[in-house]
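A short worksheet on the structure shown next.
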Amino acid sequence: MNERHSPLSGLSRRDFLDISGRFGLTSTLLAASGLGVGLTASSLARAADGEQQRRYQTEPKFQLRFGASGFNERNLDIQKSGQLFFARDLEERTNGAIRVEFMGSNEVCNQLDCVSKTQQGIVDIFSASTQNSAGGAPYLNVLDFAYMFPTVASMFHFFYDPRSEALLREPLRQRHQLQFLFTHCDLRGLMMGLKWEDKPLITSLEELQGTKNRVTGTQLGRIAMEQLGLNPVPVAWEETLDGLRQGLLDGAETWMSAVAYAGMAPVVSQAVDLRFFAGTEHTAMSLPKFDSLGSELQDQVMESAYAAQIFTQGMNEAGRYQIVGATEHPDTNTVFAQNNVRVAPLSDEVRSQAEQLCAPEFNPEPWEQWRERLNAWAGDVDIYQEIHTIAREIPRDIAAVNVAPKRWWRS
C-alpha cells in the first residue's frame, strides 16, 4: 500500500510501537490524527504525552472499548470515516466522563465479527462495513438493495433524515441491540485484479459478465451480483489479495477508497465505477451500554455522532479525490496514480442497463423473500420503496457535501 498520505509514513514501525507503548495506542492515534503529514518521532511523542495527560485528568464514569476492525496507524489518513474524530469529540464533549479506548488493526475484532463481539459485550462500540456486519445483524441488509441509492448525496440525505429512525435505526435496536451512530457513504463497484492490467479499460457490462468476483457478507449484494452475471464468491479477506494478484479472482466488490484503505491498490488494476449498491463503513454501539449511560451522556453521544457524520460527509468526499484518486484522471500523488489503478468511469447508459437487470424496481422476483422478511422486521412497511423514495427527494446532480445535515433522532 502506498503510504505517502499517512501522517505516520515518515515514522518507523518501531518508533510508533515505542510511543504507543509509553502513552497508549488511543492517545498516540489521536495525537497522530491531529498532527498531519510529516510528523517526527519526537513531535508524535510530545503530542501523545499531551493527549494522555488531557485524557487522564479526570476519572471517567464510563470507559468504552472501541473495536475498529482493520483501522491502524498506516491507513489513518486515507479513508475519512470519522472514528478517531468521534472518540476525541466524545471525550472532550463529556469532559472526560466518557473515555474511549481504541482497538484497531483487528486486535479485538475484524470486519465480519466486530458486530457479534459488540452484541456479546466484548467491545462497546465498533466500526466495520454494514455489508460485512450483515451476517451478525441481518437487518443491515436493508441498505443493500441494488441501485436503491442513485448517488452518494442521496445516501447522506437518508442517514440525516428523521425517517431513517423508523426505517433503519429502530429495527436495529429492537432486533440486534445496536445503536447506529454514523457512517461514511460510498457506492460499490468492481475492483479488478492484475489479470486485467494489460486489458483495455472496461466500458461495458458484457465485459464483466462471467467474471469471478469476491463478495462481502451482504446477502442482498450477492443477489445483485448474481443478476448481473458477476459470479459472487465468498472469499476470506486474507485470501482475497492473493486471488486478485494471481488471477484466481477477476475482481472484488467494494468502493474505491476501501481499495486504498485496505492495502488493495497494488493488486487492483481497474476500478470499475458500477455504483450498484451501498458501501457504508459505519460506527455503532451496544444498545445495553448506550442505555446504561443515562440521558445526559446519551445526548452527548448523539451530538458527537452528529459531529462525526458531518466530518465524514465533508472529509471523505475530499479524500476520495485528493488522497485516493478515485477519478478518471487522478493526481500524481494519489494512491491510485502511484499504483497504476485505472478508473473505469462507465457511462450512465451502462449503469442504467445494469439497473434494469438487477434492481428490484425492474426485476422484483429475486428480491421477494428478503424484501418480505425486512418489511416484517421494520413493522410491515415496504422498506425498499420507502428508502428508494427518500433517496430521490434531492436532485441527482447535488454534491454530497451540499446535503444539509439534520439531527435525525429529533423529529
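Letters A, B, ... go to the chains of the C-alpha cells in the order shown; residues in each chain start at 1; ligands are counted from 1 in the same order.
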- Task: Write out as a ChimeraX atom specification which residues come within 6 Å of range 402-411 of chain A when counting only C-alpha atoms, dropping same-chain ones fewer than 2 positions away.
- Result: /A:160-162,399-400
- Task: Within range 23-155 of chain A, find each residue whose DSSP state, derived from the backbone, is alpha helix (DSSP H), and express the selection as a VMD selection string.
- Result: chain A and resid 23 25 to 35 41 to 55 83 to 93 114 to 119 130 to 133 152 to 155
Within 9 Å of range 357-372 of chain A, which residues of range 175-257 of chain A come that close, and what is the closest atom pair and distance in Å for each? Count only C-alpha atoms and give it as CSV.
residue,atom,partner,partner_atom,distance
A:Gln219,CA,A:Trp370,CA,8.7
A:Leu220,CA,A:Trp370,CA,7.8
A:Ile223,CA,A:Pro366,CA,7.0
A:Ala224,CA,A:Cys358,CA,5.5
A:Met225,CA,A:Cys358,CA,8.0
A:Glu226,CA,A:Cys358,CA,8.5
A:Gln227,CA,A:Cys358,CA,5.3
A:Leu228,CA,A:Cys358,CA,6.3
Test item: residues at most 12 Å from Gln298 in chain A, only C-alpha atoms, excluding those fewer than 3 positions along its chain, as a PDB file with N, CA and C atoms, in the first residue's frame:
ATOM      1  N   PHE A  62     -17.485   6.216  32.600  1.00  0.00           N
ATOM      2  CA  PHE A  62     -17.594   5.073  31.701  1.00  0.00           C
ATOM      3  C   PHE A  62     -16.345   5.008  30.829  1.00  0.00           C
ATOM      4  N   LEU A  90     -16.140  12.927  21.682  1.00  0.00           N
ATOM      5  CA  LEU A  90     -16.943  12.424  22.799  1.00  0.00           C
ATOM      6  C   LEU A  90     -16.229  12.624  24.132  1.00  0.00           C
ATOM      7  N   ARG A  93     -16.358  16.428  24.766  1.00  0.00           N
ATOM      8  CA  ARG A  93     -17.725  16.905  24.985  1.00  0.00           C
ATOM      9  C   ARG A  93     -18.243  16.526  26.383  1.00  0.00           C
ATOM     10  N   THR A  94     -17.792  15.369  26.877  1.00  0.00           N
ATOM     11  CA  THR A  94     -18.251  14.911  28.187  1.00  0.00           C
ATOM     12  C   THR A  94     -17.274  15.276  29.305  1.00  0.00           C
ATOM     13  N   ALA A  97     -15.948  12.374  31.247  1.00  0.00           N
ATOM     14  CA  ALA A  97     -16.868  11.418  31.876  1.00  0.00           C
ATOM     15  C   ALA A  97     -16.912  10.116  31.089  1.00  0.00           C
ATOM     16  N   ILE A  98     -16.711  10.212  29.781  1.00  0.00           N
ATOM     17  CA  ILE A  98     -16.557   9.025  28.931  1.00  0.00           C
ATOM     18  C   ILE A  98     -15.142   9.021  28.393  1.00  0.00           C
ATOM     19  N   GLN A 179     -27.104   0.423  18.549  1.00  0.00           N
ATOM     20  CA  GLN A 179     -27.401   1.843  18.365  1.00  0.00           C
ATOM     21  C   GLN A 179     -26.522   2.343  17.213  1.00  0.00           C
ATOM     22  N   LEU A 181     -24.749   4.805  14.994  1.00  0.00           N
ATOM     23  CA  LEU A 181     -24.298   6.154  15.309  1.00  0.00           C
ATOM     24  C   LEU A 181     -24.086   7.016  14.068  1.00  0.00           C
ATOM     25  N   MET A 285     -22.988   1.170  18.369  1.00  0.00           N
ATOM     26  CA  MET A 285     -22.721   0.966  19.791  1.00  0.00           C
ATOM     27  C   MET A 285     -23.662  -0.091  20.340  1.00  0.00           C
ATOM     28  N   LEU A 287     -26.461  -1.391  22.369  1.00  0.00           N
ATOM     29  CA  LEU A 287     -27.621  -0.699  22.924  1.00  0.00           C
ATOM     30  C   LEU A 287     -27.679  -0.802  24.456  1.00  0.00           C
ATOM     31  N   PRO A 288     -27.420  -1.979  25.052  1.00  0.00           N
ATOM     32  CA  PRO A 288     -27.401  -2.012  26.519  1.00  0.00           C
ATOM     33  C   PRO A 288     -26.380  -1.047  27.125  1.00  0.00           C
ATOM     34  N   LYS A 289     -25.207  -0.936  26.498  1.00  0.00           N
ATOM     35  CA  LYS A 289     -24.208   0.018  27.008  1.00  0.00           C
ATOM     36  C   LYS A 289     -24.703   1.454  26.836  1.00  0.00           C
ATOM     37  N   PHE A 290     -25.273   1.759  25.682  1.00  0.00           N
ATOM     38  CA  PHE A 290     -25.828   3.097  25.440  1.00  0.00           C
ATOM     39  C   PHE A 290     -26.896   3.420  26.480  1.00  0.00           C
ATOM     40  N   ASP A 291     -27.789   2.465  26.745  1.00  0.00           N
ATOM     41  CA  ASP A 291     -28.865   2.685  27.715  1.00  0.00           C
ATOM     42  C   ASP A 291     -28.315   2.914  29.126  1.00  0.00           C
ATOM     43  N   SER A 292     -27.160   2.308  29.415  1.00  0.00           N
ATOM     44  CA  SER A 292     -26.599   2.409  30.769  1.00  0.00           C
ATOM     45  C   SER A 292     -26.002   3.782  31.063  1.00  0.00           C
ATOM     46  N   LEU A 293     -25.799   4.600  30.027  1.00  0.00           N
ATOM     47  CA  LEU A 293     -25.109   5.878  30.211  1.00  0.00           C
ATOM     48  C   LEU A 293     -25.959   6.916  30.923  1.00  0.00           C
ATOM     49  N   GLY A 294     -27.281   6.797  30.820  1.00  0.00           N
ATOM     50  CA  GLY A 294     -28.146   7.851  31.345  1.00  0.00           C
ATOM     51  C   GLY A 294     -28.413   8.909  30.296  1.00  0.00           C
ATOM     52  N   SER A 295     -29.494   9.646  30.446  1.00  0.00           N
ATOM     53  CA  SER A 295     -29.975  10.521  29.373  1.00  0.00           C
ATOM     54  C   SER A 295     -28.992  11.627  29.010  1.00  0.00           C
ATOM     55  N   VAL A 301     -23.422  11.520  23.401  1.00  0.00           N
ATOM     56  CA  VAL A 301     -23.025  10.523  22.393  1.00  0.00           C
ATOM     57  C   VAL A 301     -23.662  10.858  21.048  1.00  0.00           C
ATOM     58  N   MET A 302     -24.935  11.210  21.057  1.00  0.00           N
ATOM     59  CA  MET A 302     -25.616  11.512  19.796  1.00  0.00           C
ATOM     60  C   MET A 302     -25.083  12.798  19.170  1.00  0.00           C
ATOM     61  N   GLU A 303     -24.755  13.785  19.990  1.00  0.00           N
ATOM     62  CA  GLU A 303     -24.173  15.012  19.439  1.00  0.00           C
ATOM     63  C   GLU A 303     -22.798  14.732  18.818  1.00  0.00           C
ATOM     64  N   SER A 304     -22.014  13.870  19.458  1.00  0.00           N
ATOM     65  CA  SER A 304     -20.712  13.507  18.879  1.00  0.00           C
ATOM     66  C   SER A 304     -20.893  12.698  17.600  1.00  0.00           C
ATOM     67  N   ALA A 305     -21.913  11.832  17.564  1.00  0.00           N
ATOM     68  CA  ALA A 305     -22.204  11.079  16.346  1.00  0.00           C
ATOM     69  C   ALA A 305     -22.601  12.025  15.212  1.00  0.00           C
ATOM     70  N   TRP A 409     -32.333  12.094  15.075  1.00  0.00           N
ATOM     71  CA  TRP A 409     -33.044  11.488  16.204  1.00  0.00           C
ATOM     72  C   TRP A 409     -34.052  12.475  16.817  1.00  0.00           C
TER      73      TRP A 409
END
- Message: Quick check for you: according to DSSP on this backbone, which residues of range 102-310 of chain A are classed as strand (DSSP E)? Reply as a PyMOL selection string.
- Response: chain A and resi 102-103+125-129+178-183+186-187+189-192+213-215+232-234+251-254+270-272+278-279+281-286
How about saving the chosen residues, C-alpha atoms kept, as a PDB file, in the first residue's frame?
ATOM      1  CA  PHE A 102      -9.481   2.443  20.690  1.00  0.00           C
ATOM      2  CA  MET A 103      -8.549  -1.046  19.469  1.00  0.00           C
ATOM      3  CA  ILE A 125     -18.513   0.416  20.080  1.00  0.00           C
ATOM      4  CA  PHE A 126     -17.435  -0.964  16.723  1.00  0.00           C
ATOM      5  CA  SER A 127     -16.697   0.182  13.222  1.00  0.00           C
ATOM      6  CA  ALA A 128     -16.990  -2.042  10.133  1.00  0.00           C
ATOM      7  CA  SER A 129     -18.919  -2.000   6.885  1.00  0.00           C
ATOM      8  CA  LEU A 178     -27.360  -1.950  18.247  1.00  0.00           C
ATOM      9  CA  GLN A 179     -27.401   1.843  18.365  1.00  0.00           C
ATOM     10  CA  PHE A 180     -26.411   3.007  14.854  1.00  0.00           C
ATOM     11  CA  LEU A 181     -24.298   6.154  15.309  1.00  0.00           C
ATOM     12  CA  PHE A 182     -22.893   7.424  11.986  1.00  0.00           C
ATOM     13  CA  THR A 183     -21.471   6.194   8.714  1.00  0.00           C
ATOM     14  CA  ASP A 186     -19.926   5.459  -0.906  1.00  0.00           C
ATOM     15  CA  LEU A 187     -21.203   3.294  -3.767  1.00  0.00           C
ATOM     16  CA  GLY A 189     -18.107  -1.093  -7.899  1.00  0.00           C
ATOM     17  CA  LEU A 190     -15.873  -3.925  -9.065  1.00  0.00           C
ATOM     18  CA  MET A 191     -12.170  -3.719  -8.341  1.00  0.00           C
ATOM     19  CA  MET A 192     -10.414  -5.857 -10.959  1.00  0.00           C
ATOM     20  CA  ASN A 213     -15.677 -11.794  -8.027  1.00  0.00           C
ATOM     21  CA  ARG A 214     -15.275 -11.761  -4.266  1.00  0.00           C
ATOM     22  CA  VAL A 215     -18.423 -10.714  -2.362  1.00  0.00           C
ATOM     23  CA  PRO A 232     -20.156 -13.789  -6.402  1.00  0.00           C
ATOM     24  CA  VAL A 233     -17.701 -15.887  -4.414  1.00  0.00           C
ATOM     25  CA  PRO A 234     -17.432 -15.515  -0.614  1.00  0.00           C
ATOM     26  CA  GLY A 251     -12.283  -8.793  -9.057  1.00  0.00           C
ATOM     27  CA  ALA A 252     -13.849  -7.871  -5.750  1.00  0.00           C
ATOM     28  CA  GLU A 253     -16.865  -5.735  -4.973  1.00  0.00           C
ATOM     29  CA  THR A 254     -16.065  -2.757  -2.774  1.00  0.00           C
ATOM     30  CA  GLN A 270      -9.045  -1.287 -12.817  1.00  0.00           C
ATOM     31  CA  ALA A 271     -11.656   0.286 -10.537  1.00  0.00           C
ATOM     32  CA  VAL A 272     -14.996  -0.091 -12.321  1.00  0.00           C
ATOM     33  CA  ALA A 278     -24.165   0.945  -0.912  1.00  0.00           C
ATOM     34  CA  GLY A 279     -20.748   0.982   0.705  1.00  0.00           C
ATOM     35  CA  GLU A 281     -18.337   1.890   6.863  1.00  0.00           C
ATOM     36  CA  HIS A 282     -20.470   2.606   9.918  1.00  0.00           C
ATOM     37  CA  THR A 283     -19.909   3.036  13.620  1.00  0.00           C
ATOM     38  CA  ALA A 284     -22.434   1.579  16.066  1.00  0.00           C
ATOM     39  CA  MET A 285     -22.721   0.966  19.791  1.00  0.00           C
ATOM     40  CA  SER A 286     -24.063  -1.735  22.054  1.00  0.00           C
TER      41      SER A 286
END
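Minimum distance to Tyr384 in chain A across A:Ser20, A:Ser133, A:Thr28, A:Asn141 (counting only C-alpha atoms) occurs at A:Asn141.
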- Fewer than 2 positions away in the same chain doesn't count, so skip those; otherwise give me all residues within 10 Å of Arg54 in chain A, counting only C-alpha atoms, as a PyMOL selection string. chain A and resi 27+48-52+56-58+91-92+95-96
